[in-house]
Amino acid sequence: QESPTPPTPRDSEASIHTLRIMASKMFKIGTHSGTFHCDEALACYMLKLLPDYKDAEIVRTRDQKILDELPILVDVGGVYDPPTYRYDHHQRGFTEVFGHGFTTKLSSAGLVYKHFGKQIISVVSGLSDPKAIDTLYLKIYQGFIQAIDGIDNGVPAYACEGPMNYRISTDLSSRVKYLNPAWNEEAVDVDERFAKAVEMTGSELVQCIERYAKTWLPARILVEKAIEERQKHHKYKANHRQRHL
């Protein structure tokens, strides 16, 4: 049997070039260029919390040829397909919701949270207990992510009729909107503004996760234990009375 031909310098260079191309694709997150919103800014931040994407470059473009080459897309591309890491919600016929009793249509933030939220909670909080993570997963969607989904999709917070008494313009989605260049601003680096939006949305999510994990969850556990002990006590008293009848 003949020995394999040793690689030539040209073969080695080609292999290195191929690996570089693979690496450059691997560490990129695609989203749309132009005016940005809270949902894709937060979606990008959430992905970058994960080990596979922590060093990822965010590519902002609407060039479909470039987008097709990227390993993961959020809020762009017109496709929702988790197996191929496509997380857009703008396409006709999109009706995905979080489930678990929640009926608000998802934005790109909700889509990323639905599929990666438990891992994100574990990374931020340091928790590994599945029950605790499952509890926080639902609570954080209810208390943080759902509002971003609703605002981005135009879902009203209240189903009542009549004029609003006041408008809320200090919510996270509004503050991200204000980072977009005004019509009369010139020489603005939109990508730099988007980077600020990513950091702002992400820091508030991390704050929310830490607050729920460090204060709300321990309080919930104490209440659950108290209820359990009370039920045990009542059961003991009931059994005790029956024995003396």
# chains A, B, ... in the order shown; residues from 1 in each chain; ligands from 1

$ closest_atom_pairs --of "stretch 22-126 of chain A" --to "stretch 193-213 of chain A" --cutoff "7 Å" --atoms "only C-alpha atoms" --output "Markdown table"
| residue | atom | partner | partner_atom | distance |
| --- | --- | --- | --- | --- |
| A:Phe36 | CA | A:Phe194 | CA | 6.9 |
| A:Ala41 | CA | A:Val198 | CA | 4.5 |
| A:Leu42 | CA | A:Thr201 | CA | 5.3 |
| A:Cys44 | CA | A:Val198 | CA | 6.8 |
| A:Tyr45 | CA | A:Gly202 | CA | 5.5 |
| A:Met46 | CA | A:Gly202 | CA | 6.9 |
| A:Ile121 | CA | A:Ile209 | CA | 6.7 |
| A:Val124 | CA | A:Val206 | CA | 6.7 |
| A:Ser125 | CA | A:Glu210 | CA | 6.0 |

$ select_by_dssp --residues "stretch 24-155 of chain A" --states "strand (DSSP E)" --output "MDAnalysis selection string"
chainID A and resid 28:31 57:60 72:74 80:81 86:87 97:99 102:105

$ residues_around --residues "A:Val190" --least-positions-apart "2" --cutoff "8 Å" --atoms "only C-alpha atoms" --output "PyMOL selection string"
chain A and resi 34+180-181+188+192-194

$ select_by_dssp --residues "stretch 15-106 of chain A" --states "helix (DSSP H, G or I)" --output "PyMOL selection string"
chain A and resi 15-26+38-48+64-69+82-84

$ residues_around --residues "A:Tyr80" --least-positions-apart "2" --cutoff "12 Å" --atoms "only C-alpha atoms" --output "list in words"
Ile72, Leu73, Val74, Asp75, Val76, Gly77, Gly78, Pro82, Pro83, Thr84, Tyr85, Arg86, Tyr87, Asp88, His89, His90, Gln91, Arg92, Gly93, Phe94, Thr95, Glu96, Leu106, Ser107, Ser108, Leu111, Val112 and His115 of chain A

$ atom_distance --atom1 "atom CA of A:Lys105" --atom2 "atom CA of A:Ala157"
12.6 Å

$ atom_distance --atom1 "atom CA of A:Asp68" --atom2 "atom CA of A:Ser33"
15.0 Å

$ atom_distance --atom1 "atom CA of A:Ile151" --atom2 "atom CA of A:Ala56"
27.3 Å

$ residues_around --residues "stretch 135-139 of chain A" --least-positions-apart "4" --cutoff "12 Å" --atoms "only C-alpha atoms" --output "PyMOL selection string"
chain A and resi 98-102+110+113-122+124-125+127-131+143-146+208-218+220-221

$ closest_residue --among "A:Ile140, A:Phe27, A:Ile58, A:Cys38" --to "A:Ser173" --atoms "only C-alpha atoms"
A:Cys38

$ closest_residue --among "A:Asp191, A:Val123, A:Asp63, A:Ala147" --to "A:Leu179" --atoms "only C-alpha atoms"
A:Asp191

$ residues_around --residues "A:Ile66" --least-positions-apart "2" --cutoff "12 Å" --atoms "only C-alpha atoms" --output "ChimeraX atom specification"
/A:25,28-32,59-64,68-73,76-77
